[in-house]
file entry.cif (mmCIF, C-alpha atoms)
data_query
loop_
_atom_site.label_atom_id
_atom_site.label_comp_id
_atom_site.auth_asym_id
_atom_site.auth_seq_id
_atom_site.Cartn_x
_atom_site.Cartn_y
_atom_site.Cartn_z
CA MET M 1 65.12 -179.01 36.44
CA THR M 2 66.66 -178.02 39.78
CA LEU M 3 69.89 -176.25 40.61
CA THR M 4 71.48 -175.31 43.92
CA LEU M 5 72.00 -171.56 43.63
CA PRO M 6 74.72 -169.71 45.53
CA ALA M 7 73.87 -166.89 47.90
CA VAL M 8 74.52 -163.55 46.19
CA PRO M 9 74.27 -160.52 48.50
CA ASP M 10 72.64 -157.35 47.21
CA VAL M 11 75.50 -155.09 46.20
CA HIS M 12 73.84 -151.92 47.45
CA ASP M 13 74.74 -150.55 50.88
CA ALA M 14 73.23 -147.11 51.47
CA ALA M 15 75.69 -146.05 54.16
CA LEU M 16 78.75 -147.18 52.22
CA ALA M 17 77.40 -145.62 49.03
CA GLN M 18 77.05 -142.29 50.81
CA ARG M 19 80.64 -142.44 52.10
CA LEU M 20 81.99 -143.40 48.69
CA GLN M 21 80.06 -140.65 46.97
CA GLN M 22 81.35 -138.11 49.47
CA ARG M 23 84.94 -139.22 48.80
CA ILE M 24 84.36 -138.91 45.04
CA ASP M 25 82.72 -135.50 45.36
CA ARG M 26 85.60 -134.10 47.47
CA LYS M 27 88.21 -134.86 44.81
CA THR M 28 89.84 -131.83 43.14
CA LYS M 29 87.30 -131.47 40.33
CA PRO M 30 83.85 -130.05 39.72
CA LEU M 31 81.04 -132.30 40.89
CA GLY M 32 80.48 -135.12 38.42
CA ALA M 33 83.26 -133.93 36.10
CA LEU M 34 84.68 -137.43 35.64
CA GLY M 35 81.29 -138.67 34.50
CA ARG M 36 80.79 -142.41 34.36
CA LEU M 37 84.26 -143.04 35.76
CA GLU M 38 82.80 -141.82 39.05
CA SER M 39 79.83 -144.18 38.95
CA LEU M 40 82.20 -147.01 38.05
CA ALA M 41 84.36 -146.26 41.10
CA LEU M 42 81.24 -146.23 43.26
CA GLN M 43 80.08 -149.59 41.87
CA VAL M 44 83.44 -151.25 42.44
CA GLY M 45 83.61 -149.90 45.99
CA LEU M 46 80.16 -151.34 46.69
CA ILE M 47 81.08 -154.70 45.16
CA GLN M 48 84.24 -154.93 47.27
CA GLN M 49 82.49 -153.40 50.30
CA THR M 50 85.21 -150.83 50.93
CA GLU M 51 85.99 -147.14 50.45
CA THR M 52 89.43 -148.12 49.12
CA PRO M 53 88.92 -150.85 46.53
CA HIS M 54 91.85 -152.46 44.73
CA TRP M 55 92.38 -154.93 41.91
CA GLU M 56 93.90 -158.31 42.55
CA ALA M 57 94.87 -160.85 39.84
CA PRO M 58 92.17 -160.05 37.23
CA GLN M 59 91.17 -163.14 35.23
CA LEU M 60 90.07 -163.18 31.59
CA VAL M 61 88.27 -166.48 31.00
CA VAL M 62 87.20 -167.61 27.52
CA PHE M 63 84.71 -170.50 27.43
CA ALA M 64 84.54 -172.44 24.15
CA GLY M 65 81.99 -174.90 22.80
CA ASP M 66 80.52 -176.17 19.55
CA HIS M 67 76.87 -176.08 18.50
CA GLY M 68 75.13 -178.83 16.56
CA LEU M 69 72.87 -176.21 15.02
CA ALA M 70 75.87 -174.80 13.11
CA ALA M 71 75.40 -177.58 10.55
CA ARG M 72 72.17 -175.81 9.47
CA GLY M 73 74.12 -172.95 7.89
CA VAL M 74 73.38 -170.34 10.57
CA SER M 75 76.96 -169.05 10.50
CA ALA M 76 79.23 -167.71 7.76
CA TYR M 77 82.04 -169.95 9.07
CA PRO M 78 82.31 -173.74 9.50
CA SER M 79 82.27 -175.19 13.01
CA ASP M 80 85.95 -176.19 12.73
CA VAL M 81 86.75 -172.53 13.32
CA THR M 82 85.84 -173.04 16.99
CA TRP M 83 88.76 -175.39 17.71
CA GLN M 84 91.07 -173.53 15.34
CA MET M 85 90.45 -170.27 17.21
CA VAL M 86 91.04 -172.00 20.54
CA GLU M 87 94.46 -172.97 19.19
CA ASN M 88 94.95 -169.36 18.12
CA PHE M 89 94.08 -168.13 21.62
CA LEU M 90 96.59 -170.50 23.16
CA ALA M 91 99.28 -169.58 20.64
CA GLY M 92 98.82 -165.92 21.52
CA GLY M 93 97.67 -164.79 18.08
CA ALA M 94 94.03 -163.83 18.61
CA ALA M 95 92.80 -160.33 19.38
CA VAL M 96 91.94 -161.28 22.95
CA SER M 97 95.42 -162.78 23.39
CA VAL M 98 97.03 -159.52 22.29
CA LEU M 99 94.80 -157.42 24.55
CA ALA M 100 95.30 -159.73 27.53
CA ARG M 101 99.07 -159.36 27.18
CA GLN M 102 98.79 -155.59 26.79
CA HIS M 103 96.75 -155.18 29.97
CA ALA M 104 98.45 -157.91 32.05
CA LEU M 105 95.32 -160.04 32.27
CA ALA M 106 95.68 -163.73 33.05
CA LEU M 107 94.05 -165.56 30.11
CA THR M 108 92.44 -168.96 30.62
CA VAL M 109 90.68 -170.88 27.84
CA VAL M 110 88.10 -173.45 28.92
CA ASP M 111 87.09 -176.30 26.60
CA ALA M 112 83.47 -176.58 27.68
CA GLY M 113 82.41 -178.70 24.72
CA VAL M 114 84.52 -178.28 21.58
CA ARG M 115 84.36 -180.99 18.93
CA HIS M 116 88.11 -181.52 19.03
CA ASP M 117 90.69 -183.04 21.37
CA PHE M 118 93.33 -180.55 22.47
CA ALA M 119 96.81 -181.40 23.66
CA PRO M 120 97.29 -180.37 27.29
CA ARG M 121 99.13 -177.09 27.79
CA GLN M 122 99.36 -174.06 30.01
CA GLY M 123 96.34 -171.77 29.86
CA LEU M 124 93.90 -174.50 28.77
CA LEU M 125 91.35 -176.12 31.07
CA ALA M 126 89.83 -179.32 29.62
CA ARG M 127 86.30 -179.37 31.01
CA LYS M 128 84.43 -180.84 28.04
CA ILE M 129 80.84 -181.79 28.80
CA ALA M 130 80.45 -183.41 25.36
CA PRO M 131 81.93 -182.81 21.89
CA GLY M 132 79.41 -180.15 20.92
CA THR M 133 75.71 -179.80 21.64
CA ALA M 134 72.98 -181.65 19.78
CA ASP M 135 71.27 -180.01 16.81
CA ALA M 136 68.52 -177.97 18.50
CA PHE M 137 66.49 -178.25 15.28
CA GLU M 138 66.01 -181.94 16.05
CA ALA M 139 66.34 -182.22 19.85
CA PRO M 140 67.20 -180.16 22.92
CA ALA M 141 70.74 -178.81 22.55
CA MET M 142 71.62 -180.20 25.98
CA THR M 143 70.07 -182.76 28.26
CA GLU M 144 69.06 -181.53 31.69
CA ALA M 145 72.07 -183.31 33.19
CA GLN M 146 74.46 -181.75 30.66
CA CYS M 147 73.11 -178.25 31.25
CA LEU M 148 73.47 -178.55 35.02
CA ALA M 149 76.94 -180.06 34.63
CA ALA M 150 78.04 -177.13 32.47
CA ILE M 151 76.75 -174.59 35.01
CA HIS M 152 78.48 -176.43 37.83
CA MET M 153 81.68 -176.59 35.80
CA GLY M 154 81.61 -172.82 35.22
CA ARG M 155 81.27 -172.27 38.95
CA GLU M 156 84.19 -174.58 39.67
CA VAL M 157 86.41 -172.84 37.13
CA VAL M 158 85.89 -169.43 38.76
CA GLU M 159 86.22 -170.86 42.25
CA GLY M 160 89.62 -172.26 41.28
CA LEU M 161 90.98 -168.96 39.97
CA PRO M 162 92.50 -166.19 42.10
CA GLY M 163 91.60 -162.52 42.08
CA ASN M 164 88.61 -160.25 42.51
CA ALA M 165 87.65 -159.59 38.88
CA VAL M 166 86.47 -161.95 36.13
CA LEU M 167 86.37 -160.79 32.51
CA LEU M 168 84.17 -163.07 30.40
CA GLY M 169 84.79 -164.21 26.83
CA GLU M 170 83.54 -167.00 24.59
CA MET M 171 84.12 -168.87 21.34
CA GLY M 172 81.65 -171.06 19.53
CA ILE M 173 80.48 -171.04 15.92
CA GLY M 174 76.70 -170.79 16.08
CA ASN M 175 76.50 -169.15 19.49
CA THR M 176 74.92 -165.92 18.26
CA SER M 177 72.01 -168.12 17.17
CA SER M 178 71.67 -169.61 20.65
CA SER M 179 71.95 -166.15 22.23
CA SER M 180 69.29 -164.71 19.93
CA MET M 181 66.85 -167.47 20.85
CA LEU M 182 67.59 -167.13 24.57
CA LEU M 183 66.98 -163.38 24.35
CA ALA M 184 63.76 -163.76 22.36
CA ARG M 185 62.27 -166.43 24.63
CA LEU M 186 63.31 -164.94 27.98
CA THR M 187 62.22 -161.38 27.15
CA GLY M 188 59.23 -162.10 24.90
CA THR M 189 60.82 -160.11 22.07
CA ASP M 190 60.18 -160.92 18.40
CA LEU M 191 63.01 -163.20 17.24
CA ALA M 192 63.66 -161.03 14.17
CA LEU M 193 64.60 -158.14 16.46
CA CYS M 194 67.04 -160.34 18.38
CA LEU M 195 68.81 -161.63 15.30
CA GLY M 196 71.99 -160.34 13.68
CA ARG M 197 74.55 -161.31 11.07
CA GLY M 198 76.86 -162.97 13.59
CA THR M 199 80.14 -163.77 11.88
CA GLY M 200 79.07 -161.88 8.76
CA LEU M 201 76.07 -163.52 7.05
CA ASP M 202 74.84 -161.99 3.82
CA ASP M 203 71.15 -161.18 3.28
CA ALA M 204 70.30 -164.68 2.10
CA GLY M 205 72.14 -166.17 5.05
CA LEU M 206 70.27 -163.94 7.46
CA VAL M 207 66.92 -165.08 6.03
CA ARG M 208 68.03 -168.71 6.36
CA LYS M 209 69.13 -168.11 9.94
CA LEU M 210 65.76 -166.59 10.85
CA THR M 211 63.91 -169.51 9.23
CA VAL M 212 65.97 -172.12 11.07
CA LEU M 213 65.80 -170.40 14.46
CA SER M 214 62.07 -169.81 14.16
CA ALA M 215 61.59 -173.54 13.59
CA VAL M 216 63.80 -174.35 16.59
CA MET M 217 61.82 -172.02 18.84
CA GLN M 218 58.57 -173.53 17.63
CA ARG M 219 59.85 -177.04 18.33
CA HIS M 220 60.76 -176.02 21.87
CA ALA M 221 57.72 -173.83 22.48
CA ALA M 222 57.06 -175.51 25.83
CA ALA M 223 60.43 -174.40 27.25
CA ARG M 224 59.74 -171.26 29.31
CA GLU M 225 61.69 -171.47 32.54
CA PRO M 226 65.26 -170.09 32.35
CA LEU M 227 67.01 -173.45 32.78
CA GLN M 228 64.67 -175.14 30.31
CA VAL M 229 65.32 -172.44 27.72
CA LEU M 230 69.07 -172.66 28.31
CA ALA M 231 69.10 -176.46 27.93
CA THR M 232 66.98 -176.59 24.80
CA MET M 233 68.48 -173.65 22.88
CA GLY M 234 71.78 -172.77 24.55
CA GLY M 235 75.32 -174.07 24.43
CA PHE M 236 77.88 -175.57 26.75
CA GLU M 237 79.98 -172.40 26.80
CA ILE M 238 76.93 -170.25 27.55
CA ALA M 239 75.77 -172.54 30.36
CA ALA M 240 79.30 -172.55 31.80
CA MET M 241 79.31 -168.74 31.77
CA VAL M 242 76.00 -168.76 33.67
CA GLY M 243 77.78 -170.73 36.36
CA ALA M 244 80.80 -168.41 36.20
CA VAL M 245 78.58 -165.36 36.73
CA LEU M 246 76.79 -166.95 39.69
CA GLN M 247 80.04 -167.97 41.35
CA ALA M 248 81.84 -164.67 40.74
CA ALA M 249 78.95 -162.67 42.19
CA SER M 250 78.71 -164.95 45.23
CA GLN M 251 82.40 -164.21 45.90
CA ARG M 252 81.96 -160.44 45.40
CA ARG M 253 84.10 -160.39 42.28
CA THR M 254 83.53 -157.70 39.66
CA ILE M 255 82.22 -159.29 36.45
CA VAL M 256 83.20 -157.57 33.20
CA VAL M 257 80.67 -158.61 30.55
CA ASP M 258 81.91 -158.67 26.96
CA GLY M 259 79.19 -158.54 24.30
CA PHE M 260 76.08 -160.30 23.02
CA ILE M 261 76.86 -163.93 23.91
CA THR M 262 78.30 -163.24 27.36
CA GLY M 263 75.33 -160.92 27.89
CA ALA M 264 72.96 -163.79 27.12
CA ALA M 265 74.63 -165.82 29.87
CA VAL M 266 74.19 -162.92 32.29
CA LEU M 267 70.53 -162.64 31.25
CA VAL M 268 69.96 -166.28 32.23
CA ALA M 269 71.94 -165.90 35.47
CA ALA M 270 69.95 -162.79 36.38
CA ARG M 271 66.69 -164.68 35.88
CA LEU M 272 67.95 -167.21 38.41
CA VAL M 273 69.51 -164.72 40.86
CA PRO M 274 68.63 -161.08 40.05
CA ALA M 275 71.29 -159.69 42.42
CA VAL M 276 74.09 -160.74 40.02
CA LEU M 277 73.42 -157.67 37.88
CA GLY M 278 74.89 -155.41 40.57
CA TYR M 279 78.26 -157.12 40.09
CA CYS M 280 78.33 -156.69 36.30
CA VAL M 281 80.16 -154.00 34.35
CA TRP M 282 78.95 -153.95 30.74
CA SER M 283 82.02 -153.30 28.64
CA HIS M 284 80.57 -152.29 25.28
CA ARG M 285 77.54 -152.14 23.06
CA SER M 286 77.98 -154.76 20.37
CA ALA M 287 77.21 -154.17 16.70
CA GLU M 288 75.13 -157.37 16.86
CA SER M 289 71.50 -156.28 16.47
CA GLY M 290 70.09 -158.12 19.46
CA HIS M 291 72.51 -156.54 21.90
CA GLY M 292 70.60 -153.28 21.85
CA VAL M 293 67.43 -155.18 22.77
CA MET M 294 69.29 -156.94 25.58
CA ILE M 295 70.80 -153.86 27.22
CA ARG M 296 67.51 -151.96 27.02
CA HIS M 297 65.67 -154.88 28.61
CA LEU M 298 68.20 -155.13 31.44
CA GLY M 299 68.43 -151.36 31.89
CA VAL M 300 72.23 -151.33 31.70
CA GLN M 301 74.61 -148.89 30.04
CA PRO M 302 77.78 -150.23 28.40
CA LEU M 303 80.94 -148.16 28.72
CA LEU M 304 82.10 -148.27 25.08
CA ASP M 305 80.45 -148.19 21.66
CA LEU M 306 83.08 -149.13 19.07
CA ASP M 307 81.00 -151.25 16.64
CA LEU M 308 82.71 -154.38 17.96
CA ARG M 309 81.27 -157.80 17.14
CA LEU M 310 84.25 -160.10 17.58
CA GLY M 311 83.51 -161.71 20.93
CA GLU M 312 86.36 -163.63 22.57
CA GLY M 313 86.30 -161.18 25.51
CA SER M 314 87.90 -158.51 23.34
CA GLY M 315 85.52 -155.76 24.49
CA ALA M 316 85.99 -156.72 28.14
CA ALA M 317 89.78 -156.52 27.75
CA LEU M 318 89.55 -153.14 26.02
CA THR M 319 87.45 -151.82 28.90
CA TRP M 320 89.74 -153.04 31.66
CA PRO M 321 91.93 -149.88 31.76
CA LEU M 322 88.80 -147.85 32.59
CA LEU M 323 88.19 -149.99 35.66
CA VAL M 324 91.81 -149.55 36.70
CA SER M 325 91.52 -145.79 36.23
CA ALA M 326 88.29 -145.60 38.22
CA VAL M 327 89.89 -147.29 41.24
CA ASN M 328 93.11 -145.27 40.95
CA VAL M 329 91.20 -141.99 40.85
CA LEU M 330 89.24 -142.97 43.96
CA ASN M 331 92.37 -143.99 45.86
CA GLU M 332 95.04 -141.57 44.62
CA MET M 333 93.40 -138.34 43.51
CA ALA M 334 93.76 -135.52 46.05
CA SER M 335 90.82 -133.95 47.82
CA PHE M 336 90.27 -130.20 48.08
CA GLU M 337 91.41 -130.41 51.69
CA SER M 338 94.58 -132.47 51.17
CA ALA M 339 95.70 -130.46 48.13
CA GLY M 340 94.92 -127.06 49.60
CA VAL M 341 92.75 -126.20 46.60
CA SER M 342 89.89 -123.75 47.06
CA ASP M 343 86.45 -125.30 46.82
CA ARG M 344 83.63 -123.90 44.69
CA GLU M 345 82.07 -120.63 45.83
CA PRO M 346 78.99 -121.07 48.04
CA ARG M 347 75.77 -119.85 46.48
#
call {"tool": "encode", "arguments": {"input": "entry.cif", "output": "structure tokens"}}
result
Amino acid sequence: MTLTLPAVPDVHDAALAQRLQQRIDRKTKPLGALGRLESLALQVGLIQQTETPHWEAPQLVVFAGDHGLAARGVSAYPSDVTWQMVENFLAGGAAVSVLARQHALALTVVDAGVRHDFAPRQGLLARKIAPGTADAFEAPAMTEAQCLAAIHMGREVVEGLPGNAVLLGEMGIGNTSSSSMLLARLTGTDLALCLGRGTGLDDAGLVRKLTVLSAVMQRHAAAREPLQVLATMGGFEIAAMVGAVLQAASQRRTIVVDGFITGAAVLVAARLVPAVLGYCVWSHRSAESGHGVMIRHLGVQPLLDLDLRLGEGSGAALTWPLLVSAVNVLNEMASFESAGVSDREPR
């Protein structure tokens, strides 16, 4: 399986980092007193390649797709919830819709492969690869051509949107199962440690989920390369987010990662182009069990820990004000010199 990968520059620039850090350190505060807000300002400055970063037209993009594996009882909810929640997003009634309005984020919902035909309307992009993936218990979830088409589609979606920040969200009943398998196979971690209750499985449901996913991974034991693993055990919305991450990083956009499922897409993208990680801000630590495994493996530190496990991009939207604050502090906070404030006493 081949894919033309975009060029993604390494985000680090030693000279620029030194200038940014000096600006941050000269603000009217003790050194490091704003904690991770300071490192966030530094990261955004490096991504945008400037000492005075700014935000322009931030985009919250929710990719939706159905999973054939959902018929195996791996979720507490039926697969129809996927299309019903897409309607809820578009009607403005979902959590992510509320948060997008609150923080003035442009919300776009992408039908990457939902088993339902939606009426055209504002805010919806119809980019269906197929009406849901195949049942990965019986066959690869996606063909090679479908997987590549979904990645390409995700790139095109981001390329067609304005702005310099992309906040990722997703919707797809069964996609915690796909994410758990991607995490287990790509990191070599025991599947049981990558598995959670998803939409709220009880103990019996969790045992059933582990049994089904173990069988799926055994069936596709030969799949080892990132694109092979994605095609056999992933989903259209996850593959599209892989493309979105690659495209956003290639355009020096800040990528705000939501939770477990969006993180799985970043994991795949980083296996293809490691430099994408420098463009990612990890919004929160999900209550989904496998997310802890994922963030430890990638060596990243999410900004929030609120026991969220909703998805949709809700954690990314909640985190957005912190990114705004980080840039505003860098650009608007006075220095010791400009404010006429005495600096710390020399030792």
call {"tool": "resolve_selection", "arguments": {"input": "entry.cif", "expression": "the PyMOL selection byres ((chain M and resi 344) around 12)", "output": "ChimeraX atom specification"}}
result
/M:25-31,336,341-343,345-347
call {"tool": "closest_residue", "arguments": {"input": "entry.cif", "among": "M:Met85, M:Ile255, M:Ala70, M:Ala94", "to": "Thr176 of chain M", "atoms": "only C-alpha atoms"}}
result
M:Ala70
call {"tool": "residues_around", "arguments": {"input": "entry.cif", "residues": "segment 78-84 of chain M", "least_positions_apart": "5", "cutoff": "8 Å", "atoms": "all atoms listed in the file", "output": "ChimeraX atom specification"}}
result
/M:64-67,70-71,114-116,171-174
call {"tool": "residues_around", "arguments": {"input": "entry.cif", "residues": "Ile24 of chain M", "least_positions_apart": "2", "cutoff": "12 Å", "atoms": "all atoms listed in the file", "output": "PyMOL selection string"}}
result
chain M and resi 17-22+26-43+45+51-52+326-336
call {"tool": "resolve_selection", "arguments": {"input": "entry.cif", "expression": "the PyMOL selection byres ((chain M and resi 153) around 10)", "output": "ChimeraX atom specification"}}
result
/M:110,112,127-129,147-152,154-159,236,239-244
call {"tool": "write_last_selection", "arguments": {"input": "entry.cif", "atoms": "C-alpha atoms", "output": "tab-separated table (two decimals), in the frame of the given file"}}
result
chain	number	residue	atom	x	y	z
M	110	VAL	CA	88.10	-173.45	28.92
M	112	ALA	CA	83.47	-176.58	27.68
M	127	ARG	CA	86.30	-179.37	31.01
M	128	LYS	CA	84.43	-180.84	28.04
M	129	ILE	CA	80.84	-181.79	28.80
M	147	CYS	CA	73.11	-178.25	31.25
M	148	LEU	CA	73.47	-178.55	35.02
M	149	ALA	CA	76.94	-180.06	34.63
M	150	ALA	CA	78.04	-177.13	32.47
M	151	ILE	CA	76.75	-174.59	35.01
M	152	HIS	CA	78.48	-176.43	37.83
M	154	GLY	CA	81.61	-172.82	35.22
M	155	ARG	CA	81.27	-172.27	38.95
M	156	GLU	CA	84.19	-174.58	39.67
M	157	VAL	CA	86.41	-172.84	37.13
M	158	VAL	CA	85.89	-169.43	38.76
M	159	GLU	CA	86.22	-170.86	42.25
M	236	PHE	CA	77.88	-175.57	26.75
M	239	ALA	CA	75.77	-172.54	30.36
M	240	ALA	CA	79.30	-172.55	31.80
M	241	MET	CA	79.31	-168.74	31.77
M	242	VAL	CA	76.00	-168.76	33.67
M	243	GLY	CA	77.78	-170.73	36.36
M	244	ALA	CA	80.80	-168.41	36.20
call {"tool": "closest_atom_pairs", "arguments": {"input": "entry.cif", "of": "segment 64-126 of chain M", "to": "segment 196-202 of chain M", "cutoff": "10 Å", "atoms": "all atoms listed in the file", "output": "Markdown table"}}
result
| residue | atom | partner | partner_atom | distance |
| --- | --- | --- | --- | --- |
| M:Gly73 | CA | M:Leu201 | CA | 9.7 |
| M:Val74 | CA | M:Leu201 | CA | 8.1 |
| M:Ser75 | CA | M:Thr199 | CA | 6.3 |
| M:Ala76 | CA | M:Leu201 | CA | 5.3 |
| M:Tyr77 | CA | M:Thr199 | CA | 7.0 |
call {"tool": "closest_residue", "arguments": {"input": "entry.cif", "among": "M:Arg72, M:Val268, M:Ile261, M:Leu167", "to": "Ala231 of chain M", "atoms": "all atoms listed in the file"}}
result
M:Val268
call {"tool": "build_atoms", "arguments": {"input": "entry.cif", "residues": "segment 18-33 of chain M", "atoms": "N, CA, C and O atoms", "output": "short mmCIF file (atom, residue, chain, number, x, y, z; two decimals), keeping the file's coordinate frame"}}
result
data_model
loop_
_atom_site.label_atom_id
_atom_site.label_comp_id
_atom_site.auth_asym_id
_atom_site.auth_seq_id
_atom_site.Cartn_x
_atom_site.Cartn_y
_atom_site.Cartn_z
N GLN M 18 76.96 -143.70 50.44
CA GLN M 18 77.05 -142.29 50.81
C GLN M 18 78.50 -141.89 51.10
O GLN M 18 78.95 -140.82 50.67
N ARG M 19 79.24 -142.75 51.79
CA ARG M 19 80.64 -142.44 52.10
C ARG M 19 81.50 -142.41 50.83
O ARG M 19 82.35 -141.53 50.66
N LEU M 20 81.25 -143.37 49.95
CA LEU M 20 81.99 -143.40 48.69
C LEU M 20 81.70 -142.17 47.85
O LEU M 20 82.62 -141.55 47.29
N GLN M 21 80.42 -141.81 47.77
CA GLN M 21 80.06 -140.65 46.97
C GLN M 21 80.68 -139.38 47.54
O GLN M 21 81.12 -138.49 46.78
N GLN M 22 80.74 -139.28 48.84
CA GLN M 22 81.35 -138.11 49.47
C GLN M 22 82.84 -138.04 49.13
O GLN M 22 83.36 -136.97 48.84
N ARG M 23 83.52 -139.18 49.17
CA ARG M 23 84.94 -139.22 48.80
C ARG M 23 85.13 -138.76 47.36
O ARG M 23 86.04 -138.00 47.04
N ILE M 24 84.27 -139.27 46.46
CA ILE M 24 84.36 -138.91 45.04
C ILE M 24 84.10 -137.43 44.85
O ILE M 24 84.82 -136.74 44.11
N ASP M 25 83.10 -136.90 45.53
CA ASP M 25 82.72 -135.50 45.36
C ASP M 25 83.78 -134.53 45.90
O ASP M 25 83.84 -133.38 45.47
N ARG M 26 84.60 -134.99 46.87
CA ARG M 26 85.60 -134.10 47.47
C ARG M 26 86.92 -134.11 46.70
O ARG M 26 87.87 -133.43 47.10
N LYS M 27 87.00 -134.89 45.62
CA LYS M 27 88.21 -134.86 44.81
C LYS M 27 88.35 -133.49 44.13
O LYS M 27 87.37 -132.76 43.96
N THR M 28 89.57 -133.16 43.71
CA THR M 28 89.84 -131.83 43.14
C THR M 28 89.32 -131.74 41.71
O THR M 28 90.08 -131.84 40.73
N LYS M 29 88.00 -131.56 41.62
CA LYS M 29 87.30 -131.47 40.33
C LYS M 29 85.91 -130.92 40.58
O LYS M 29 85.40 -131.01 41.71
N PRO M 30 85.28 -130.39 39.58
CA PRO M 30 83.85 -130.05 39.72
C PRO M 30 83.03 -131.32 39.95
O PRO M 30 83.42 -132.41 39.53
N LEU M 31 81.92 -131.15 40.62
CA LEU M 31 81.04 -132.30 40.89
C LEU M 31 80.67 -133.01 39.59
O LEU M 31 80.21 -132.38 38.62
N GLY M 32 80.88 -134.31 39.57
CA GLY M 32 80.48 -135.12 38.42
C GLY M 32 81.35 -134.95 37.19
O GLY M 32 81.02 -135.49 36.13
N ALA M 33 82.47 -134.26 37.30
CA ALA M 33 83.26 -133.93 36.10
C ALA M 33 83.93 -135.14 35.47
O ALA M 33 84.27 -135.11 34.28
#
